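Student: Following this line is protein-v4.cif, made up of mmCIF, N, CA and C atoms:
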```
data_target
#
loop_
_atom_site.label_atom_id
_atom_site.label_comp_id
_atom_site.auth_asym_id
_atom_site.auth_seq_id
_atom_site.Cartn_x
_atom_site.Cartn_y
_atom_site.Cartn_z
N MET O 146 0.85 -1.18 0.00
CA MET O 146 0.00 0.00 0.00
C MET O 146 0.90 1.24 0.00
N ASP O 147 0.57 2.19 -0.79
CA ASP O 147 1.28 3.46 -0.87
C ASP O 147 1.31 4.13 0.51
N ARG O 148 2.49 4.58 0.93
CA ARG O 148 2.62 5.17 2.28
C ARG O 148 1.79 6.43 2.44
N ARG O 149 1.68 7.23 1.37
CA ARG O 149 0.87 8.45 1.47
C ARG O 149 -0.59 8.11 1.67
N TYR O 150 -1.06 7.11 0.93
CA TYR O 150 -2.45 6.67 1.09
C TYR O 150 -2.67 6.13 2.50
N GLN O 151 -1.74 5.33 2.96
CA GLN O 151 -1.85 4.75 4.30
C GLN O 151 -1.92 5.85 5.36
N LYS O 152 -1.10 6.86 5.24
CA LYS O 152 -1.10 7.97 6.20
C LYS O 152 -2.43 8.73 6.15
N ARG O 153 -2.93 8.97 4.92
CA ARG O 153 -4.22 9.64 4.77
C ARG O 153 -5.33 8.84 5.45
N MET O 154 -5.29 7.53 5.26
CA MET O 154 -6.33 6.68 5.86
C MET O 154 -6.20 6.63 7.38
N GLU O 155 -4.98 6.58 7.89
CA GLU O 155 -4.80 6.62 9.35
C GLU O 155 -5.40 7.91 9.91
N ASN O 156 -5.15 9.02 9.24
CA ASN O 156 -5.72 10.31 9.67
C ASN O 156 -7.24 10.29 9.57
N PHE O 157 -7.75 9.71 8.50
CA PHE O 157 -9.21 9.61 8.33
C PHE O 157 -9.82 8.83 9.49
N TRP O 158 -9.28 7.64 9.78
CA TRP O 158 -9.84 6.81 10.86
C TRP O 158 -9.74 7.53 12.20
N HIS O 159 -8.65 8.22 12.43
CA HIS O 159 -8.50 8.97 13.68
C HIS O 159 -9.59 10.04 13.80
N ARG O 160 -9.81 10.80 12.73
CA ARG O 160 -10.85 11.84 12.75
C ARG O 160 -12.24 11.24 12.97
N GLU O 161 -12.53 10.14 12.28
CA GLU O 161 -13.84 9.52 12.41
C GLU O 161 -14.06 8.95 13.81
N GLU O 162 -13.00 8.41 14.40
CA GLU O 162 -13.12 7.90 15.77
C GLU O 162 -13.40 9.04 16.75
N ARG O 163 -12.71 10.16 16.56
CA ARG O 163 -12.96 11.33 17.42
C ARG O 163 -14.40 11.80 17.28
N LYS O 164 -14.94 11.79 16.07
CA LYS O 164 -16.34 12.19 15.85
C LYS O 164 -17.29 11.27 16.60
N SER O 165 -17.04 9.98 16.51
CA SER O 165 -17.92 9.02 17.20
C SER O 165 -17.84 9.19 18.71
N ILE O 166 -16.64 9.40 19.22
CA ILE O 166 -16.49 9.62 20.66
C ILE O 166 -17.21 10.89 21.07
N GLU O 167 -17.18 11.90 20.21
CA GLU O 167 -17.93 13.14 20.48
C GLU O 167 -19.43 12.86 20.53
N TYR O 168 -19.94 12.03 19.62
CA TYR O 168 -21.37 11.66 19.67
C TYR O 168 -21.69 11.02 21.01
N PHE O 169 -20.83 10.09 21.44
CA PHE O 169 -21.06 9.43 22.72
C PHE O 169 -21.06 10.43 23.88
N SER O 170 -20.17 11.41 23.82
CA SER O 170 -20.06 12.37 24.93
C SER O 170 -21.29 13.25 25.06
N ARG O 171 -22.08 13.38 24.00
CA ARG O 171 -23.29 14.20 24.04
C ARG O 171 -24.51 13.45 24.57
N LEU O 172 -24.39 12.14 24.74
CA LEU O 172 -25.53 11.35 25.18
C LEU O 172 -25.82 11.57 26.65
N ASP O 173 -27.10 11.59 26.99
CA ASP O 173 -27.50 11.58 28.39
C ASP O 173 -27.54 10.11 28.80
N LEU O 174 -26.50 9.66 29.46
CA LEU O 174 -26.36 8.23 29.77
C LEU O 174 -27.35 7.74 30.80
N THR O 175 -28.10 8.64 31.42
CA THR O 175 -29.13 8.23 32.38
C THR O 175 -30.49 8.10 31.72
N SER O 176 -30.60 8.48 30.47
CA SER O 176 -31.86 8.47 29.74
C SER O 176 -32.12 7.10 29.13
N TRP O 177 -33.18 7.00 28.35
CA TRP O 177 -33.51 5.76 27.65
C TRP O 177 -32.96 5.82 26.23
N PHE O 178 -32.81 4.63 25.64
CA PHE O 178 -32.30 4.51 24.28
C PHE O 178 -33.18 3.55 23.50
N ASP O 179 -33.56 3.93 22.31
CA ASP O 179 -34.39 3.11 21.44
C ASP O 179 -33.58 2.76 20.20
N TYR O 180 -32.73 1.76 20.33
CA TYR O 180 -31.83 1.35 19.25
C TYR O 180 -30.98 2.52 18.75
N TRP O 181 -30.55 3.39 19.68
CA TRP O 181 -29.66 4.49 19.29
C TRP O 181 -28.40 3.86 18.70
N HIS O 182 -27.87 4.47 17.66
CA HIS O 182 -26.65 3.92 17.07
C HIS O 182 -25.88 4.99 16.32
N THR O 183 -24.63 4.67 16.08
CA THR O 183 -23.77 5.50 15.25
C THR O 183 -22.97 4.59 14.33
N HIS O 184 -22.62 5.14 13.18
CA HIS O 184 -21.84 4.39 12.19
C HIS O 184 -20.42 4.96 12.14
N PRO O 185 -19.42 4.15 12.46
CA PRO O 185 -18.04 4.64 12.45
C PRO O 185 -17.48 4.92 11.06
N ASP O 186 -18.13 4.44 10.01
CA ASP O 186 -17.60 4.63 8.66
C ASP O 186 -18.70 5.16 7.73
N TRP O 187 -19.20 6.36 8.04
CA TRP O 187 -20.27 6.98 7.25
C TRP O 187 -19.91 7.07 5.77
N LYS O 188 -18.64 7.24 5.47
CA LYS O 188 -18.22 7.47 4.09
C LYS O 188 -17.84 6.19 3.34
N ALA O 189 -18.01 5.04 3.98
CA ALA O 189 -17.74 3.74 3.37
C ALA O 189 -16.31 3.58 2.87
N LYS O 190 -15.36 4.23 3.53
CA LYS O 190 -13.96 4.12 3.12
C LYS O 190 -13.42 2.71 3.35
N GLY O 191 -14.01 1.97 4.28
CA GLY O 191 -13.57 0.62 4.55
C GLY O 191 -13.80 -0.35 3.41
N ASN O 192 -14.64 0.03 2.46
CA ASN O 192 -14.93 -0.85 1.33
C ASN O 192 -13.86 -0.78 0.24
N LYS O 193 -12.89 0.12 0.38
CA LYS O 193 -11.91 0.35 -0.70
C LYS O 193 -10.87 -0.76 -0.84
N SER O 194 -10.47 -1.37 0.27
CA SER O 194 -9.42 -2.39 0.20
C SER O 194 -9.52 -3.29 1.43
N PRO O 195 -8.89 -4.45 1.38
CA PRO O 195 -8.89 -5.33 2.56
C PRO O 195 -8.30 -4.64 3.80
N ALA O 196 -7.24 -3.87 3.63
CA ALA O 196 -6.64 -3.17 4.78
C ALA O 196 -7.60 -2.15 5.37
N ASP O 197 -8.35 -1.45 4.52
CA ASP O 197 -9.33 -0.47 5.00
C ASP O 197 -10.50 -1.18 5.69
N ARG O 198 -10.87 -2.34 5.18
CA ARG O 198 -11.95 -3.11 5.80
C ARG O 198 -11.54 -3.54 7.22
N ILE O 199 -10.29 -3.95 7.37
CA ILE O 199 -9.78 -4.31 8.70
C ILE O 199 -9.80 -3.09 9.61
N ALA O 200 -9.37 -1.94 9.10
CA ALA O 200 -9.37 -0.71 9.89
C ALA O 200 -10.78 -0.34 10.34
N ALA O 201 -11.76 -0.49 9.47
CA ALA O 201 -13.15 -0.18 9.82
C ALA O 201 -13.67 -1.12 10.90
N ALA O 202 -13.34 -2.41 10.79
CA ALA O 202 -13.77 -3.39 11.79
C ALA O 202 -13.10 -3.12 13.13
N ARG O 203 -11.82 -2.83 13.11
CA ARG O 203 -11.10 -2.55 14.36
C ARG O 203 -11.65 -1.30 15.03
N GLN O 204 -11.95 -0.29 14.24
CA GLN O 204 -12.51 0.94 14.82
C GLN O 204 -13.89 0.66 15.43
N THR O 205 -14.69 -0.13 14.75
CA THR O 205 -16.01 -0.48 15.29
C THR O 205 -15.86 -1.18 16.64
N TYR O 206 -14.92 -2.10 16.73
CA TYR O 206 -14.71 -2.82 17.99
C TYR O 206 -14.18 -1.89 19.08
N ARG O 207 -13.25 -1.01 18.74
CA ARG O 207 -12.74 -0.04 19.74
C ARG O 207 -13.88 0.83 20.26
N LEU O 208 -14.75 1.27 19.38
CA LEU O 208 -15.86 2.14 19.80
C LEU O 208 -16.88 1.37 20.63
N LEU O 209 -17.07 0.09 20.34
CA LEU O 209 -17.93 -0.74 21.19
C LEU O 209 -17.38 -0.76 22.60
N ASN O 210 -16.08 -0.99 22.74
CA ASN O 210 -15.46 -1.00 24.07
C ASN O 210 -15.60 0.35 24.76
N HIS O 211 -15.45 1.43 24.00
CA HIS O 211 -15.59 2.78 24.55
C HIS O 211 -17.02 2.98 25.08
N ALA O 212 -18.00 2.61 24.28
CA ALA O 212 -19.41 2.77 24.69
C ALA O 212 -19.70 1.93 25.93
N GLU O 213 -19.21 0.71 25.96
CA GLU O 213 -19.44 -0.15 27.13
C GLU O 213 -18.84 0.46 28.39
N THR O 214 -17.68 1.05 28.27
CA THR O 214 -17.05 1.70 29.42
C THR O 214 -17.91 2.86 29.92
N LEU O 215 -18.43 3.66 28.99
CA LEU O 215 -19.29 4.78 29.38
C LEU O 215 -20.56 4.32 30.08
N LEU O 216 -21.07 3.17 29.68
CA LEU O 216 -22.36 2.68 30.18
C LEU O 216 -22.24 1.73 31.38
N GLN O 217 -21.03 1.50 31.87
CA GLN O 217 -20.83 0.53 32.95
C GLN O 217 -21.73 0.79 34.16
N SER O 218 -21.92 2.02 34.51
CA SER O 218 -22.70 2.34 35.71
C SER O 218 -24.17 1.95 35.57
N ARG O 219 -24.64 1.76 34.34
CA ARG O 219 -26.05 1.40 34.12
C ARG O 219 -26.30 -0.09 34.31
N GLY O 220 -25.26 -0.89 34.30
CA GLY O 220 -25.43 -2.33 34.50
C GLY O 220 -26.29 -2.96 33.42
N SER O 221 -27.19 -3.84 33.85
CA SER O 221 -28.00 -4.59 32.88
C SER O 221 -29.21 -3.82 32.37
N SER O 222 -29.38 -2.57 32.79
CA SER O 222 -30.54 -1.81 32.33
C SER O 222 -30.33 -1.23 30.94
N VAL O 223 -29.20 -1.56 30.30
CA VAL O 223 -28.92 -1.09 28.95
C VAL O 223 -28.13 -2.17 28.21
N GLN O 224 -28.37 -2.27 26.90
CA GLN O 224 -27.62 -3.19 26.06
C GLN O 224 -26.75 -2.37 25.12
N CYS O 225 -25.60 -2.92 24.80
CA CYS O 225 -24.69 -2.27 23.88
C CYS O 225 -24.08 -3.37 23.02
N TRP O 226 -24.12 -3.19 21.70
CA TRP O 226 -23.53 -4.17 20.80
C TRP O 226 -23.08 -3.49 19.52
N ALA O 227 -22.30 -4.21 18.75
CA ALA O 227 -21.81 -3.70 17.47
C ALA O 227 -22.21 -4.66 16.37
N THR O 228 -22.35 -4.11 15.17
CA THR O 228 -22.59 -4.94 14.01
C THR O 228 -21.50 -4.68 12.97
N LEU O 229 -21.10 -5.73 12.28
CA LEU O 229 -20.16 -5.64 11.16
C LEU O 229 -20.90 -6.18 9.94
N CYS O 230 -20.94 -5.36 8.90
CA CYS O 230 -21.73 -5.69 7.72
C CYS O 230 -20.86 -5.80 6.49
N GLU O 231 -21.43 -6.34 5.43
CA GLU O 231 -20.68 -6.48 4.18
C GLU O 231 -20.22 -5.13 3.66
N SER O 232 -21.07 -4.12 3.77
CA SER O 232 -20.66 -2.76 3.44
C SER O 232 -20.30 -2.07 4.75
N THR O 233 -19.08 -1.60 4.86
CA THR O 233 -18.62 -1.04 6.14
C THR O 233 -19.38 0.21 6.54
N THR O 234 -20.07 0.86 5.63
CA THR O 234 -20.88 2.02 6.00
C THR O 234 -22.03 1.61 6.92
N ASP O 235 -22.40 0.33 6.90
CA ASP O 235 -23.48 -0.16 7.76
C ASP O 235 -22.98 -0.66 9.11
N ASN O 236 -21.67 -0.76 9.32
CA ASN O 236 -21.17 -1.13 10.64
C ASN O 236 -21.71 -0.13 11.64
N ALA O 237 -22.05 -0.59 12.84
CA ALA O 237 -22.66 0.32 13.82
C ALA O 237 -22.42 -0.16 15.24
N ILE O 238 -22.53 0.79 16.16
CA ILE O 238 -22.55 0.51 17.59
C ILE O 238 -23.93 0.93 18.07
N TYR O 239 -24.63 0.02 18.75
CA TYR O 239 -26.00 0.26 19.22
C TYR O 239 -26.04 0.38 20.73
N ILE O 240 -26.96 1.20 21.20
CA ILE O 240 -27.28 1.29 22.62
C ILE O 240 -28.80 1.20 22.71
N HIS O 241 -29.29 0.34 23.61
CA HIS O 241 -30.73 0.10 23.70
C HIS O 241 -31.11 -0.13 25.16
N SER O 242 -32.26 0.39 25.54
CA SER O 242 -32.77 0.20 26.90
C SER O 242 -34.30 0.18 26.85
N GLN O 243 -34.92 0.02 28.00
CA GLN O 243 -36.36 0.18 28.05
C GLN O 243 -36.65 1.61 27.62
N ASN O 244 -37.77 1.78 26.92
CA ASN O 244 -38.06 3.11 26.38
C ASN O 244 -39.56 3.29 26.24
N PRO O 245 -40.01 4.52 26.17
CA PRO O 245 -41.46 4.77 26.06
C PRO O 245 -42.02 4.47 24.66
N ASN O 246 -41.18 4.14 23.71
CA ASN O 246 -41.65 3.84 22.36
C ASN O 246 -42.16 2.41 22.22
N GLY O 247 -41.93 1.59 23.22
CA GLY O 247 -42.42 0.22 23.19
C GLY O 247 -41.54 -0.77 22.45
N SER O 248 -40.35 -0.37 22.08
CA SER O 248 -39.43 -1.31 21.43
C SER O 248 -39.04 -2.38 22.44
N PRO O 249 -39.08 -3.64 22.04
CA PRO O 249 -38.78 -4.72 22.99
C PRO O 249 -37.41 -4.55 23.64
N PHE O 250 -37.40 -4.72 24.95
CA PHE O 250 -36.15 -4.73 25.71
C PHE O 250 -36.22 -5.89 26.68
N PRO O 251 -35.19 -6.69 26.77
CA PRO O 251 -33.96 -6.60 26.01
C PRO O 251 -34.15 -7.08 24.58
N TYR O 252 -33.31 -6.57 23.69
CA TYR O 252 -33.29 -7.02 22.31
C TYR O 252 -32.87 -8.47 22.31
N GLN O 253 -33.58 -9.32 21.57
CA GLN O 253 -33.36 -10.77 21.64
C GLN O 253 -32.41 -11.34 20.58
N PHE O 254 -32.01 -10.56 19.60
CA PHE O 254 -31.10 -11.04 18.55
C PHE O 254 -31.66 -12.29 17.87
N GLU O 255 -32.96 -12.25 17.54
CA GLU O 255 -33.61 -13.40 16.91
C GLU O 255 -32.93 -13.76 15.60
N GLY O 256 -32.66 -15.03 15.42
CA GLY O 256 -32.03 -15.52 14.20
C GLY O 256 -30.51 -15.54 14.25
N ALA O 257 -29.93 -15.01 15.32
CA ALA O 257 -28.47 -14.99 15.42
C ALA O 257 -27.95 -16.35 15.87
N GLN O 258 -26.83 -16.76 15.29
CA GLN O 258 -26.11 -17.95 15.73
C GLN O 258 -24.92 -17.44 16.54
N TRP O 259 -24.87 -17.74 17.82
CA TRP O 259 -23.80 -17.23 18.69
C TRP O 259 -22.67 -18.22 18.81
N GLY O 260 -21.51 -17.71 19.13
CA GLY O 260 -20.33 -18.55 19.32
C GLY O 260 -19.61 -18.87 18.02
N VAL O 261 -19.87 -18.09 16.98
CA VAL O 261 -19.20 -18.31 15.69
C VAL O 261 -17.83 -17.65 15.71
N GLU O 262 -17.00 -18.06 14.78
CA GLU O 262 -15.68 -17.44 14.64
C GLU O 262 -15.85 -16.00 14.16
N PRO O 263 -15.08 -15.07 14.71
CA PRO O 263 -15.15 -13.70 14.22
C PRO O 263 -14.78 -13.63 12.75
N PRO O 264 -15.32 -12.65 12.02
CA PRO O 264 -14.94 -12.51 10.62
C PRO O 264 -13.44 -12.23 10.50
N GLN O 265 -12.92 -12.48 9.34
CA GLN O 265 -11.47 -12.37 9.11
C GLN O 265 -10.92 -11.02 9.54
N GLU O 266 -11.66 -9.94 9.31
CA GLU O 266 -11.15 -8.62 9.65
C GLU O 266 -11.03 -8.39 11.16
N LEU O 267 -11.65 -9.26 11.95
CA LEU O 267 -11.54 -9.15 13.41
C LEU O 267 -10.66 -10.24 14.02
N ALA O 268 -10.04 -11.05 13.18
CA ALA O 268 -9.22 -12.16 13.67
C ALA O 268 -8.18 -11.65 14.68
N GLY O 269 -8.22 -12.24 15.86
CA GLY O 269 -7.25 -11.89 16.89
C GLY O 269 -7.54 -10.59 17.62
N LEU O 270 -8.62 -9.91 17.28
CA LEU O 270 -8.92 -8.63 17.90
C LEU O 270 -9.97 -8.74 19.00
N VAL O 271 -11.02 -9.51 18.77
CA VAL O 271 -12.11 -9.61 19.74
C VAL O 271 -11.64 -10.40 20.95
N ASP O 272 -11.85 -9.82 22.13
CA ASP O 272 -11.54 -10.50 23.39
C ASP O 272 -12.69 -11.48 23.67
N LEU O 273 -12.48 -12.74 23.35
CA LEU O 273 -13.55 -13.73 23.48
C LEU O 273 -13.83 -14.12 24.93
N GLN O 274 -13.04 -13.61 25.86
CA GLN O 274 -13.36 -13.77 27.29
C GLN O 274 -14.42 -12.75 27.69
N LYS O 275 -14.46 -11.64 27.01
CA LYS O 275 -15.36 -10.53 27.32
C LYS O 275 -16.56 -10.46 26.39
N HIS O 276 -16.36 -10.80 25.11
CA HIS O 276 -17.40 -10.66 24.10
C HIS O 276 -17.69 -11.97 23.40
N GLU O 277 -18.88 -12.05 22.83
CA GLU O 277 -19.21 -13.18 21.97
C GLU O 277 -19.64 -12.64 20.61
N VAL O 278 -19.38 -13.45 19.60
CA VAL O 278 -19.67 -13.05 18.23
C VAL O 278 -20.83 -13.89 17.71
N GLY O 279 -21.78 -13.22 17.10
CA GLY O 279 -22.92 -13.90 16.49
C GLY O 279 -22.99 -13.57 15.01
N LYS O 280 -23.80 -14.34 14.32
CA LYS O 280 -23.91 -14.16 12.87
C LYS O 280 -25.38 -14.26 12.47
N PHE O 281 -25.82 -13.28 11.69
CA PHE O 281 -27.14 -13.30 11.09
C PHE O 281 -26.96 -13.63 9.62
N ASP O 282 -27.59 -14.69 9.14
CA ASP O 282 -27.54 -15.05 7.72
C ASP O 282 -28.82 -14.55 7.07
N TYR O 283 -28.72 -13.42 6.37
CA TYR O 283 -29.85 -12.88 5.63
C TYR O 283 -29.73 -13.34 4.18
N PRO O 284 -30.82 -13.35 3.43
CA PRO O 284 -30.75 -13.80 2.04
C PRO O 284 -29.75 -13.02 1.18
N ASP O 285 -29.59 -11.73 1.46
CA ASP O 285 -28.72 -10.93 0.61
C ASP O 285 -27.39 -10.56 1.24
N ASN O 286 -27.19 -10.86 2.53
CA ASN O 286 -25.90 -10.58 3.15
C ASN O 286 -25.78 -11.26 4.51
N ILE O 287 -24.58 -11.16 5.06
CA ILE O 287 -24.30 -11.70 6.39
C ILE O 287 -23.91 -10.54 7.28
N VAL O 288 -24.47 -10.53 8.49
CA VAL O 288 -24.14 -9.48 9.46
C VAL O 288 -23.61 -10.17 10.71
N PHE O 289 -22.46 -9.69 11.20
CA PHE O 289 -21.91 -10.19 12.44
C PHE O 289 -22.27 -9.22 13.56
N ALA O 290 -22.55 -9.76 14.73
CA ALA O 290 -22.84 -8.94 15.91
C ALA O 290 -21.83 -9.30 16.99
N ILE O 291 -21.46 -8.31 17.77
CA ILE O 291 -20.55 -8.51 18.90
C ILE O 291 -21.23 -7.93 20.13
N ARG O 292 -21.37 -8.73 21.15
CA ARG O 292 -21.99 -8.26 22.39
C ARG O 292 -21.21 -8.80 23.58
N ALA O 293 -21.41 -8.15 24.72
CA ALA O 293 -20.76 -8.60 25.95
C ALA O 293 -21.33 -9.95 26.35
N LYS O 294 -20.47 -10.81 26.88
CA LYS O 294 -20.94 -12.09 27.40
C LYS O 294 -21.76 -11.82 28.64
N ALA O 295 -22.78 -12.63 28.83
CA ALA O 295 -23.65 -12.46 29.99
C ALA O 295 -22.99 -12.91 31.27
#
```
Written as structure tokens, that's how I'd like the structure from this file.
Tutor:
Amino acid sequence: MDRRYQKRMENFWHREERKSIEYFSRLDLTSWFDYWHTHPDWKAKGNKSPADRIAAARQTYRLLNHAETLLQSRGSSVQCWATLCESTTDNAIYIHSQNPNGSPFPYQFEGAQWGVEPPQELAGLVDLQKHEVGKFDYPDNIVFAIRAKA
């Protein structure tokens, strides 16, 4: 990979991570959440190359850990998970709790197969003592989910 491109992408990922952390800092962590989420790769830069795809997945996982740390004081009254999708623009970190909108809580992850191997871009990154990886097989794509172990 061209060093200039690599440096540009490192700067891009750093800026995007700061933006996501800023979104988290604006949240009222004592409030309710109805599938609140943010996408770490709004511009789909992770789709450009295998190295960028790995960077997008790693950033998603780092932000999941960041969100979990922020929400620790809430305990089990809130769920936090990440999704990794075929298009990296759809990768997301979710926060969900009981809410007045009537969205089911806790989210049940219906159709997910848990305990699967992490996707290649997360190989060696996910702490399997802390998190579990699930997989949703949809007709048109596969989505991986990462959540804290119970």
Student: Report as an mmCIF file with N, CA and C atoms, in the coordinates of the input the residues that result from applying the PyMOL selection byres (((chain O and resi 254 and name CA) around 12) and name CA) to the structure here.
Tutor:
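File produced: part-v3.cif:
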```cif
data_model
loop_
_atom_site.group_PDB
_atom_site.id
_atom_site.type_symbol
_atom_site.label_atom_id
_atom_site.label_comp_id
_atom_site.auth_asym_id
_atom_site.auth_seq_id
_atom_site.Cartn_x
_atom_site.Cartn_y
_atom_site.Cartn_z
ATOM 1 N N GLN O 224 -28.370 -2.270 26.900
ATOM 2 C CA GLN O 224 -27.620 -3.190 26.060
ATOM 3 C C GLN O 224 -26.750 -2.370 25.120
ATOM 4 N N TRP O 226 -24.120 -3.190 21.700
ATOM 5 C CA TRP O 226 -23.530 -4.170 20.800
ATOM 6 C C TRP O 226 -23.080 -3.490 19.520
ATOM 7 N N ALA O 227 -22.300 -4.210 18.750
ATOM 8 C CA ALA O 227 -21.810 -3.700 17.470
ATOM 9 C C ALA O 227 -22.210 -4.660 16.370
ATOM 10 N N THR O 228 -22.350 -4.110 15.170
ATOM 11 C CA THR O 228 -22.590 -4.940 14.010
ATOM 12 C C THR O 228 -21.500 -4.680 12.970
ATOM 13 N N PRO O 249 -39.080 -3.640 22.040
ATOM 14 C CA PRO O 249 -38.780 -4.720 22.990
ATOM 15 C C PRO O 249 -37.410 -4.550 23.640
ATOM 16 N N PHE O 250 -37.400 -4.720 24.950
ATOM 17 C CA PHE O 250 -36.150 -4.730 25.710
ATOM 18 C C PHE O 250 -36.220 -5.890 26.680
ATOM 19 N N PRO O 251 -35.190 -6.690 26.770
ATOM 20 C CA PRO O 251 -33.960 -6.600 26.010
ATOM 21 C C PRO O 251 -34.150 -7.080 24.580
ATOM 22 N N TYR O 252 -33.310 -6.570 23.690
ATOM 23 C CA TYR O 252 -33.290 -7.020 22.310
ATOM 24 C C TYR O 252 -32.870 -8.470 22.310
ATOM 25 N N GLN O 253 -33.580 -9.320 21.570
ATOM 26 C CA GLN O 253 -33.360 -10.770 21.640
ATOM 27 C C GLN O 253 -32.410 -11.340 20.580
ATOM 28 N N GLU O 255 -32.960 -12.250 17.540
ATOM 29 C CA GLU O 255 -33.610 -13.400 16.910
ATOM 30 C C GLU O 255 -32.930 -13.760 15.600
ATOM 31 N N GLY O 256 -32.660 -15.030 15.420
ATOM 32 C CA GLY O 256 -32.030 -15.520 14.200
ATOM 33 C C GLY O 256 -30.510 -15.540 14.250
ATOM 34 N N ALA O 257 -29.930 -15.010 15.320
ATOM 35 C CA ALA O 257 -28.470 -14.990 15.420
ATOM 36 C C ALA O 257 -27.950 -16.350 15.870
ATOM 37 N N GLN O 258 -26.830 -16.760 15.290
ATOM 38 C CA GLN O 258 -26.110 -17.950 15.730
ATOM 39 C C GLN O 258 -24.920 -17.440 16.540
ATOM 40 N N TRP O 259 -24.870 -17.740 17.820
ATOM 41 C CA TRP O 259 -23.800 -17.230 18.690
ATOM 42 C C TRP O 259 -22.670 -18.220 18.810
ATOM 43 N N VAL O 278 -19.380 -13.450 19.600
ATOM 44 C CA VAL O 278 -19.670 -13.050 18.230
ATOM 45 C C VAL O 278 -20.830 -13.890 17.710
ATOM 46 N N GLY O 279 -21.780 -13.220 17.100
ATOM 47 C CA GLY O 279 -22.920 -13.900 16.490
ATOM 48 C C GLY O 279 -22.990 -13.570 15.010
ATOM 49 N N LYS O 280 -23.800 -14.340 14.320
ATOM 50 C CA LYS O 280 -23.910 -14.160 12.870
ATOM 51 C C LYS O 280 -25.380 -14.260 12.470
ATOM 52 N N PHE O 281 -25.820 -13.280 11.690
ATOM 53 C CA PHE O 281 -27.140 -13.300 11.090
ATOM 54 C C PHE O 281 -26.960 -13.630 9.620
ATOM 55 N N VAL O 288 -24.470 -10.530 8.490
ATOM 56 C CA VAL O 288 -24.140 -9.480 9.460
ATOM 57 C C VAL O 288 -23.610 -10.170 10.710
ATOM 58 N N PHE O 289 -22.460 -9.690 11.200
ATOM 59 C CA PHE O 289 -21.910 -10.190 12.440
ATOM 60 C C PHE O 289 -22.270 -9.220 13.560
ATOM 61 N N ALA O 290 -22.550 -9.760 14.730
ATOM 62 C CA ALA O 290 -22.840 -8.940 15.910
ATOM 63 C C ALA O 290 -21.830 -9.300 16.990
ATOM 64 N N ILE O 291 -21.460 -8.310 17.770
ATOM 65 C CA ILE O 291 -20.550 -8.510 18.900
ATOM 66 C C ILE O 291 -21.230 -7.930 20.130
ATOM 67 N N ARG O 292 -21.370 -8.730 21.150
ATOM 68 C CA ARG O 292 -21.990 -8.260 22.390
ATOM 69 C C ARG O 292 -21.210 -8.800 23.580
#
```
Student: Find the distance between atom N of Gln274 in chain O and CA of Gly191 in chain O and write it in Å to one decimal.
Tutor: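 Answer for the atom N of Gln274 in chain O to CA of Gly191 in chain O separation: 25.6 Å.
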Student: Can you tell me how far CA of Arg148 in chain O sits from CA of Glu266 in chain O, in Å to one decimal?
Tutor: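 Interatomic distance, CA of Arg148 in chain O to CA of Glu266 in chain O: 20.8 Å.
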Student: Smallest atom-to-atom distance to Met154 in chain O: which of O:Asp197, O:His184, O:Gly269, O:Ala212, using all atoms listed in the file?
Tutor: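 Checking each of O:Asp197, O:His184, O:Gly269, O:Ala212 against Met154 in chain O, counting all atoms listed in the file, the winner is O:Asp197.
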Student: Quick one: of O:Ala196, O:Val261, O:Ile287, O:Cys225, who's nearest to Leu209 in chain O, counting only C-alpha atoms?
Tutor: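 Checking each candidate against Leu209 in chain O, we get O:Cys225 as the closest.
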Student: Calculate how many Å separate atom N of Leu270 in chain O from atom C of Ser170 in chain O, rounding to one decimal.
Tutor: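 Distance between the two atoms: 27.5 Å.
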Student: With the file shown as input, list the residues that the PyMOL selection byres (((chain O and resi 182 and name CA) around 9) and name CA) selects, as a tab-separated table (two decimals) with N, CA and C atoms, in the frame of the given file.
Tutor:
```tsv
chain	number	residue	atom	x	y	z
O	179	ASP	N	-33.56	3.93	22.31
O	179	ASP	CA	-34.39	3.11	21.44
O	179	ASP	C	-33.58	2.76	20.20
O	180	TYR	N	-32.73	1.76	20.33
O	180	TYR	CA	-31.83	1.35	19.25
O	180	TYR	C	-30.98	2.52	18.75
O	181	TRP	N	-30.55	3.39	19.68
O	181	TRP	CA	-29.66	4.49	19.29
O	181	TRP	C	-28.40	3.86	18.70
O	183	THR	N	-24.63	4.67	16.08
O	183	THR	CA	-23.77	5.50	15.25
O	183	THR	C	-22.97	4.59	14.33
O	184	HIS	N	-22.62	5.14	13.18
O	184	HIS	CA	-21.84	4.39	12.19
O	184	HIS	C	-20.42	4.96	12.14
O	237	ALA	N	-22.05	-0.59	12.84
O	237	ALA	CA	-22.66	0.32	13.82
O	237	ALA	C	-22.42	-0.16	15.24
O	238	ILE	N	-22.53	0.79	16.16
O	238	ILE	CA	-22.55	0.51	17.59
O	238	ILE	C	-23.93	0.93	18.07
O	239	TYR	N	-24.63	0.02	18.75
O	239	TYR	CA	-26.00	0.26	19.22
O	239	TYR	C	-26.04	0.38	20.73
O	240	ILE	N	-26.96	1.20	21.20
O	240	ILE	CA	-27.28	1.29	22.62
O	240	ILE	C	-28.80	1.20	22.71
O	241	HIS	N	-29.29	0.34	23.61
O	241	HIS	CA	-30.73	0.10	23.70
O	241	HIS	C	-31.11	-0.13	25.16
```
Student: Go through O:Asp282, O:Glu167, O:Arg198, O:Lys275 and flag the residue nearest Lys294 in chain O, using only N, CA and C atoms for the distances.
Tutor: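 Of O:Asp282, O:Glu167, O:Arg198, O:Lys275, the one nearest Lys294 in chain O is O:Lys275, counting only N, CA and C atoms.
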Student: Residues picked by the PyMOL selection byres (((chain O and resi 234 and name CA) around 10) and name CA) here, as a list in words?
Tutor: His184, Pro185, Asp186, Trp187, Lys188, Ala189, Lys190, Gly191, Asn192, Ala201, Leu229, Cys230, Glu231, Ser232, Thr233, Asp235, Asn236 and Ala237 of chain O
Student: Counting only C-alpha atoms, which residue out of O:Ser222, O:Asn286, O:Asn246, O:Gln265 sits closest to Leu174 in chain O?
Tutor: O:Ser222
Student: Write out as a VMD selection string all residues of chain O that DSSP puts in strand (DSSP E) for this structure's backbone.
Tutor: chain O and resid 181 to 183 223 to 229 237 to 242 258 to 259 276 to 282 287 to 293
